[in-house]
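> Below you'll find the structure I mean.
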Amino acid sequence: MGSADIVPGVSGGTIALITGIYERLVHSISTINFTFIKPLLKGDLKGFKERLFYEIDFKFFIPLLCGIGLAMLTLANVISYCMDVYTALTYSFFLGLIIASSYVLYRQMDELTLKHVIFTVIGAVLAYLFVSLNPIAMNHTLPILFISGLIAICAMILPGISGSFLLLLLGQYEYMLNALKTMSLSEIVVFCVGAFIGILGFSKVLNYLLEHHEGITMAFLIGVMIGTLKLPVVHIVNTTPLTFAALLPCIILAIIGFVIIVVMETKFDYIE
């Protein structure tokens with residue numbers, strides 16, 4: 001998830017979905033209500049400990065957050081280099097990942113009705129329009145970074161919607177990538193606080209939709225993933241001659257990306 005969240009156009013939520021932890025992720029975040037603070041304020045340490053471990057799924061969050069953090073810190077330079085030097089090849093690989101992810105999500109649906117098709121089309125159109133927007137020129141003050149974290153995190157847990165691309169639109173992507181590379185703690189902490197507050201609120205909405213309207217929610221997310229395909233395609237077309245010889249490596253990498261996701265989904269289904 002951390003590797004995916006660094007890349008504009010690729011969603012960490014997609015990886016969570018493929019690996020079978022998505023619904024647990026959303027539910028675990030949405031159940032954090034901070035009721036464990038009340039016993040602490042009363043000096044009831046035993047009650048605080050019981051509520052804390054009841055409300056927060058530490059066995060899930062600790063390895064997950066360590067993995068995300070480690071990936072972001074170690075891969076920021078690698079991904080930045082690949083996007084600058086091997087733009088077309090990198091985005092071709094991402095293209096395969098996104099296509100495969102939408103295919104995997106489609107396979108997980110119990111049924112496909114006209115209502116589902118309509119929501120898929122709506123999701124695709126909205127996502128296509130969204131990725132067609134131009135980046136907003138904004139400064140990099142701490143309040144702006146806080147708001148950017150608040151907004152971007154909502155996309156990071158949605159399959160098909162890239163939080164990094166939201167940062168790109170907000171004009172904060174390169175700045176935050178550089179902050180990770182240089183370990184600028186003040187910027188990272190403020191951004192993470194905004195992200196923490198944003199994810200607590202948004203996860204409750206998403207958890208409700210998955211529990212009460214799972215079919216149309218999944219159909220909408222499939223559409224969103226299809227609509228966001230415009231982003232990698234534009235990068236490939238703009239940086240590669242449109243000849244078979246030039247596009248062949250791109251096609252091969254897209255196929256590799258597709259196969260990796262399908263194999264991952266199959267393996268995790270087997271494990272479950």
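Residue numbers start at 1 in each chain; chains themselves are named A, B, ... in the order of the structure tokens; ligands are numbered from 1 in the order shown.
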Give me, as a compact mmCIF listing (two decimals) with N, CA, C and O atoms, in the first residue's frame, all polymer residues having an atom no more than 8 Å from segment 190-205 of chain A, counting only C-alpha atoms and skipping those fewer than 6 positions away in the same chain.

# COMPACT_ATOMS: atom_id res chain seq x y z
N VAL A 26 -11.13 -0.69 6.45
CA VAL A 26 -12.15 0.35 6.57
C VAL A 26 -12.90 0.21 7.90
O VAL A 26 -13.13 1.20 8.61
N HIS A 27 -13.28 -1.02 8.24
CA HIS A 27 -14.04 -1.24 9.47
C HIS A 27 -13.20 -0.91 10.70
O HIS A 27 -13.69 -0.27 11.64
N ILE A 29 -10.72 1.17 11.01
CA ILE A 29 -10.54 2.63 11.16
C ILE A 29 -11.83 3.28 11.63
O ILE A 29 -11.83 4.14 12.51
N SER A 30 -12.97 2.83 11.07
CA SER A 30 -14.25 3.47 11.38
C SER A 30 -14.71 3.24 12.81
O SER A 30 -15.53 3.99 13.33
N THR A 31 -14.18 2.19 13.47
CA THR A 31 -14.61 1.89 14.84
C THR A 31 -13.80 2.63 15.90
O THR A 31 -14.06 2.49 17.09
N ILE A 32 -12.82 3.42 15.48
CA ILE A 32 -12.04 4.22 16.44
C ILE A 32 -12.84 5.46 16.82
O ILE A 32 -13.02 6.37 16.01
N LEU A 142 2.37 25.19 6.45
CA LEU A 142 1.92 24.06 7.26
C LEU A 142 0.38 23.90 7.25
O LEU A 142 -0.10 22.77 7.17
N LEU A 145 -0.47 22.17 4.04
CA LEU A 145 -0.06 20.76 4.10
C LEU A 145 -1.04 19.95 4.94
O LEU A 145 -1.34 18.80 4.63
N PHE A 146 -1.53 20.55 6.02
CA PHE A 146 -2.52 19.89 6.88
C PHE A 146 -3.79 19.59 6.09
O PHE A 146 -4.31 18.46 6.12
N ILE A 147 -4.29 20.57 5.36
CA ILE A 147 -5.51 20.40 4.55
C ILE A 147 -5.27 19.40 3.42
O ILE A 147 -6.14 18.58 3.11
N SER A 148 -4.08 19.43 2.83
CA SER A 148 -3.75 18.49 1.76
C SER A 148 -3.77 17.06 2.28
O SER A 148 -4.26 16.15 1.61
N GLY A 149 -3.21 16.84 3.47
CA GLY A 149 -3.25 15.51 4.08
C GLY A 149 -4.67 15.08 4.37
O GLY A 149 -5.04 13.91 4.16
N LEU A 150 -5.48 16.01 4.84
CA LEU A 150 -6.89 15.74 5.15
C LEU A 150 -7.65 15.26 3.91
O LEU A 150 -8.45 14.32 3.97
N ILE A 151 -7.36 15.90 2.77
CA ILE A 151 -8.06 15.56 1.52
C ILE A 151 -7.49 14.29 0.89
O ILE A 151 -8.23 13.39 0.48
N ALA A 152 -6.17 14.22 0.79
CA ALA A 152 -5.52 13.13 0.05
C ALA A 152 -5.76 11.77 0.69
O ALA A 152 -5.92 10.76 -0.01
N ILE A 153 -5.84 11.70 2.01
CA ILE A 153 -5.99 10.41 2.69
C ILE A 153 -7.31 9.75 2.33
O ILE A 153 -7.43 8.52 2.31
N CYS A 154 -8.34 10.55 2.05
CA CYS A 154 -9.64 10.00 1.67
C CYS A 154 -9.53 9.18 0.40
O CYS A 154 -10.18 8.15 0.24
> If you run DSSP on this backbone, which residues of segment 22-184 of chain A come out as alpha helix (DSSP H), and could you give them as a PyMOL selection string?
chain A and resi 22-30+37-41+45-55+58-85+87-107+114-131+142-156+163-169+173-182
> Which is closer to Ile18 of chain A than all the others in A:Leu52, A:Leu97, A:Val234, A:Leu129, using only C-alpha atoms?
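Comparing A:Leu52, A:Leu97, A:Val234, A:Leu129 against Ile18 of chain A, the winner is A:Leu97.
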> Compile the contact shell of segment 75-89 of chain A as a PyMOL selection string: residues with an atom at most 6 Å away, counting only C-alpha atoms, same-chain residues fewer than 5 positions apart removed.
chain A and resi 236+239+250
> Between A:Leu166, A:Met225, A:Ala219, A:Arg107, which is the closest to Gly13 of chain A once you count only C-alpha atoms?
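Among the listed residues, the smallest separation from Gly13 of chain A belongs to A:Met225.
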> With the cut-off set at 6 Å and counting only C-alpha atoms, tabulate each residue of segment 183-256 of chain A with an atom at most that distance from an atom of segment 117-123 of chain A, showing the nearest atom pair and its distance in Å to one decimal, ordered by chain and increasing number, as CSV.

residue,atom,partner,partner_atom,distance
A:Ala219,CA,A:Thr120,CA,5.0
A:Phe220,CA,A:Thr120,CA,4.6
A:Gly223,CA,A:Thr120,CA,4.1
A:Val224,CA,A:Gly123,CA,4.5
> Find the residues around segment 65-72 of chain A up to 10 Å (only C-alpha atoms counted), leave out those fewer than 3 positions away in its own chain, and share them as a PDB file with N, CA, C and O atoms, in the first residue's frame.

ATOM      1  N   MET A   1       0.829  -1.208   0.000  1.00  0.00           N
ATOM      2  CA  MET A   1       0.000   0.000   0.000  1.00  0.00           C
ATOM      3  C   MET A   1       0.863   1.258   0.000  1.00  0.00           C
ATOM      4  O   MET A   1       0.556   2.221  -0.700  1.00  0.00           O
ATOM      5  N   GLY A   2       1.943   1.241   0.773  1.00  0.00           N
ATOM      6  CA  GLY A   2       2.833   2.398   0.814  1.00  0.00           C
ATOM      7  C   GLY A   2       3.474   2.677  -0.528  1.00  0.00           C
ATOM      8  O   GLY A   2       3.582   3.821  -0.958  1.00  0.00           O
ATOM      9  N   SER A   3       3.879   1.614  -1.215  1.00  0.00           N
ATOM     10  CA  SER A   3       4.481   1.767  -2.550  1.00  0.00           C
ATOM     11  C   SER A   3       3.483   2.361  -3.523  1.00  0.00           C
ATOM     12  O   SER A   3       3.818   3.231  -4.329  1.00  0.00           O
ATOM     13  N   ALA A   4       2.242   1.887  -3.466  1.00  0.00           N
ATOM     14  CA  ALA A   4       1.209   2.364  -4.386  1.00  0.00           C
ATOM     15  C   ALA A   4       0.826   3.807  -4.085  1.00  0.00           C
ATOM     16  O   ALA A   4       0.602   4.599  -5.002  1.00  0.00           O
ATOM     17  N   ASP A   5       0.748   4.152  -2.796  1.00  0.00           N
ATOM     18  CA  ASP A   5       0.308   5.495  -2.426  1.00  0.00           C
ATOM     19  C   ASP A   5       1.292   6.584  -2.826  1.00  0.00           C
ATOM     20  O   ASP A   5       0.918   7.746  -2.930  1.00  0.00           O
ATOM     21  N   ILE A   6       2.556   6.215  -3.066  1.00  0.00           N
ATOM     22  CA  ILE A   6       3.546   7.205  -3.498  1.00  0.00           C
ATOM     23  C   ILE A   6       3.303   7.611  -4.951  1.00  0.00           C
ATOM     24  O   ILE A   6       3.622   8.717  -5.364  1.00  0.00           O
ATOM     25  N   GLY A  12      -3.435   2.919  -3.013  1.00  0.00           N
ATOM     26  CA  GLY A  12      -3.144   1.961  -1.961  1.00  0.00           C
ATOM     27  C   GLY A  12      -4.371   1.143  -1.603  1.00  0.00           C
ATOM     28  O   GLY A  12      -4.257  -0.019  -1.205  1.00  0.00           O
ATOM     29  N   PHE A  60      -3.560  -5.625  13.685  1.00  0.00           N
ATOM     30  CA  PHE A  60      -3.731  -5.281  12.265  1.00  0.00           C
ATOM     31  C   PHE A  60      -2.951  -4.017  11.912  1.00  0.00           C
ATOM     32  O   PHE A  60      -2.221  -3.979  10.923  1.00  0.00           O
ATOM     33  N   PHE A  61      -3.097  -2.974  12.746  1.00  0.00           N
ATOM     34  CA  PHE A  61      -2.542  -1.672  12.405  1.00  0.00           C
ATOM     35  C   PHE A  61      -1.019  -1.604  12.504  1.00  0.00           C
ATOM     36  O   PHE A  61      -0.376  -0.957  11.677  1.00  0.00           O
ATOM     37  N   ILE A  62      -0.421  -2.240  13.509  1.00  0.00           N
ATOM     38  CA  ILE A  62       1.029  -2.108  13.708  1.00  0.00           C
ATOM     39  C   ILE A  62       1.831  -2.624  12.510  1.00  0.00           C
ATOM     40  O   ILE A  62       2.650  -1.892  11.949  1.00  0.00           O
ATOM     41  N   LEU A  75      11.206   3.780  -0.836  1.00  0.00           N
ATOM     42  CA  LEU A  75      10.920   3.766  -2.273  1.00  0.00           C
ATOM     43  C   LEU A  75      10.689   5.145  -2.877  1.00  0.00           C
ATOM     44  O   LEU A  75      10.531   5.253  -4.089  1.00  0.00           O
ATOM     45  N   ALA A  76      10.664   6.178  -2.042  1.00  0.00           N
ATOM     46  CA  ALA A  76      10.417   7.530  -2.566  1.00  0.00           C
ATOM     47  C   ALA A  76      11.438   7.892  -3.634  1.00  0.00           C
ATOM     48  O   ALA A  76      11.097   8.401  -4.709  1.00  0.00           O
ATOM     49  N   ASN A  77      12.728   7.632  -3.370  1.00  0.00           N
ATOM     50  CA  ASN A  77      13.787   7.958  -4.332  1.00  0.00           C
ATOM     51  C   ASN A  77      13.692   7.087  -5.583  1.00  0.00           C
ATOM     52  O   ASN A  77      13.862   7.578  -6.705  1.00  0.00           O
ATOM     53  N   ILE A  79      11.049   5.436  -6.921  1.00  0.00           N
ATOM     54  CA  ILE A  79       9.894   5.736  -7.766  1.00  0.00           C
ATOM     55  C   ILE A  79      10.052   7.094  -8.439  1.00  0.00           C
ATOM     56  O   ILE A  79       9.701   7.276  -9.607  1.00  0.00           O
ATOM     57  N   LEU A 177       7.076  14.686  -1.584  1.00  0.00           N
ATOM     58  CA  LEU A 177       8.029  13.640  -1.954  1.00  0.00           C
ATOM     59  C   LEU A 177       9.437  14.050  -1.533  1.00  0.00           C
ATOM     60  O   LEU A 177      10.203  13.239  -1.002  1.00  0.00           O
ATOM     61  N   LEU A 180       9.825  13.720   2.209  1.00  0.00           N
ATOM     62  CA  LEU A 180      10.113  12.341   2.607  1.00  0.00           C
ATOM     63  C   LEU A 180      11.582  12.001   2.389  1.00  0.00           C
ATOM     64  O   LEU A 180      12.218  11.353   3.220  1.00  0.00           O
ATOM     65  N   LYS A 181      12.110  12.442   1.244  1.00  0.00           N
ATOM     66  CA  LYS A 181      13.507  12.138   0.917  1.00  0.00           C
ATOM     67  C   LYS A 181      14.478  12.829   1.875  1.00  0.00           C
ATOM     68  O   LYS A 181      15.518  12.287   2.213  1.00  0.00           O
TER      69      LYS A 181
END
> Could you give me, as number ranges by chain, the residues within 9 Å of Tyr103 of chain A, counting only C-alpha atoms and dropping anything in the same chain fewer than 4 positions from it?
A: 98-99, 107-108, 222, 262
> So that I have them on file, write out the residues from the current selection with all heavy atoms, as a CSV table (one decimal), in the first residue's frame.

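Output file result.csv is given in full below:
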chain,number,residue,atom,x,y,z
A,98,ILE,N,-3.6,-1.1,-12.8
A,98,ILE,CA,-5.0,-0.5,-12.7
A,98,ILE,C,-6.0,-1.3,-13.4
A,98,ILE,O,-7.1,-1.6,-12.9
A,98,ILE,CB,-5.0,1.0,-13.2
A,98,ILE,CG1,-4.0,1.8,-12.3
A,98,ILE,CG2,-6.4,1.5,-13.1
A,98,ILE,CD1,-3.8,3.2,-12.8
A,99,ILE,N,-5.7,-1.7,-14.7
A,99,ILE,CA,-6.6,-2.6,-15.5
A,99,ILE,C,-6.9,-3.9,-14.7
A,99,ILE,O,-8.1,-4.3,-14.6
A,99,ILE,CB,-6.1,-2.8,-16.9
A,99,ILE,CG1,-6.0,-1.5,-17.7
A,99,ILE,CG2,-6.9,-3.9,-17.6
A,99,ILE,CD1,-5.3,-1.7,-19.0
A,107,ARG,N,-14.6,-9.2,-10.7
A,107,ARG,CA,-14.8,-10.7,-10.3
A,107,ARG,C,-15.3,-10.9,-8.9
A,107,ARG,O,-16.0,-11.9,-8.7
A,107,ARG,CB,-13.4,-11.4,-10.4
A,107,ARG,CG,-13.0,-11.7,-11.9
A,107,ARG,CD,-11.6,-12.4,-11.9
A,107,ARG,NE,-11.7,-13.6,-11.1
A,107,ARG,CZ,-10.6,-14.3,-10.8
A,107,ARG,NH1,-9.4,-13.9,-11.3
A,107,ARG,NH2,-10.6,-15.4,-10.0
A,108,GLN,N,-15.1,-9.9,-8.1
A,108,GLN,CA,-15.6,-10.1,-6.7
A,108,GLN,C,-17.0,-9.7,-6.5
A,108,GLN,O,-17.6,-9.9,-5.4
A,108,GLN,CB,-14.7,-9.3,-5.7
A,108,GLN,CG,-13.3,-9.8,-5.7
A,108,GLN,CD,-12.4,-9.0,-4.7
A,108,GLN,OE1,-12.8,-8.0,-4.2
A,108,GLN,NE2,-11.1,-9.4,-4.6
A,222,ILE,N,-15.3,0.5,-9.5
A,222,ILE,CA,-14.8,-0.1,-10.8
A,222,ILE,C,-14.8,1.0,-11.9
A,222,ILE,O,-13.8,1.2,-12.6
A,222,ILE,CB,-15.7,-1.3,-11.3
A,222,ILE,CG1,-15.5,-2.5,-10.3
A,222,ILE,CG2,-15.3,-1.7,-12.7
A,222,ILE,CD1,-16.5,-3.6,-10.6
A,262,VAL,N,-3.3,-10.2,-10.9
A,262,VAL,CA,-4.2,-11.3,-11.0
A,262,VAL,C,-3.6,-12.5,-10.2
A,262,VAL,O,-4.3,-13.2,-9.5
A,262,VAL,CB,-4.4,-11.8,-12.5
A,262,VAL,CG1,-5.2,-13.1,-12.6
A,262,VAL,CG2,-5.1,-10.7,-13.2
> Skipping near chain neighbours, those fewer than 4 positions away, what residues fall within 8 Å of Arg51 of chain A using only C-alpha atoms, listed as a list in words?
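My list of contacting residues is Thr35, Phe36, Gly47 and Glu55 of chain A.
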> Output the selection as an mmCIF file, in the first residue's frame - C-alpha atoms for each residue.

data_model
loop_
_atom_site.group_PDB
_atom_site.id
_atom_site.type_symbol
_atom_site.label_atom_id
_atom_site.label_comp_id
_atom_site.auth_asym_id
_atom_site.auth_seq_id
_atom_site.Cartn_x
_atom_site.Cartn_y
_atom_site.Cartn_z
ATOM 1 C CA THR A 35 -13.963 6.325 24.038
ATOM 2 C CA PHE A 36 -10.823 4.937 25.702
ATOM 3 C CA GLY A 47 -10.497 0.582 32.005
ATOM 4 C CA GLU A 55 -11.414 -0.274 20.108
#
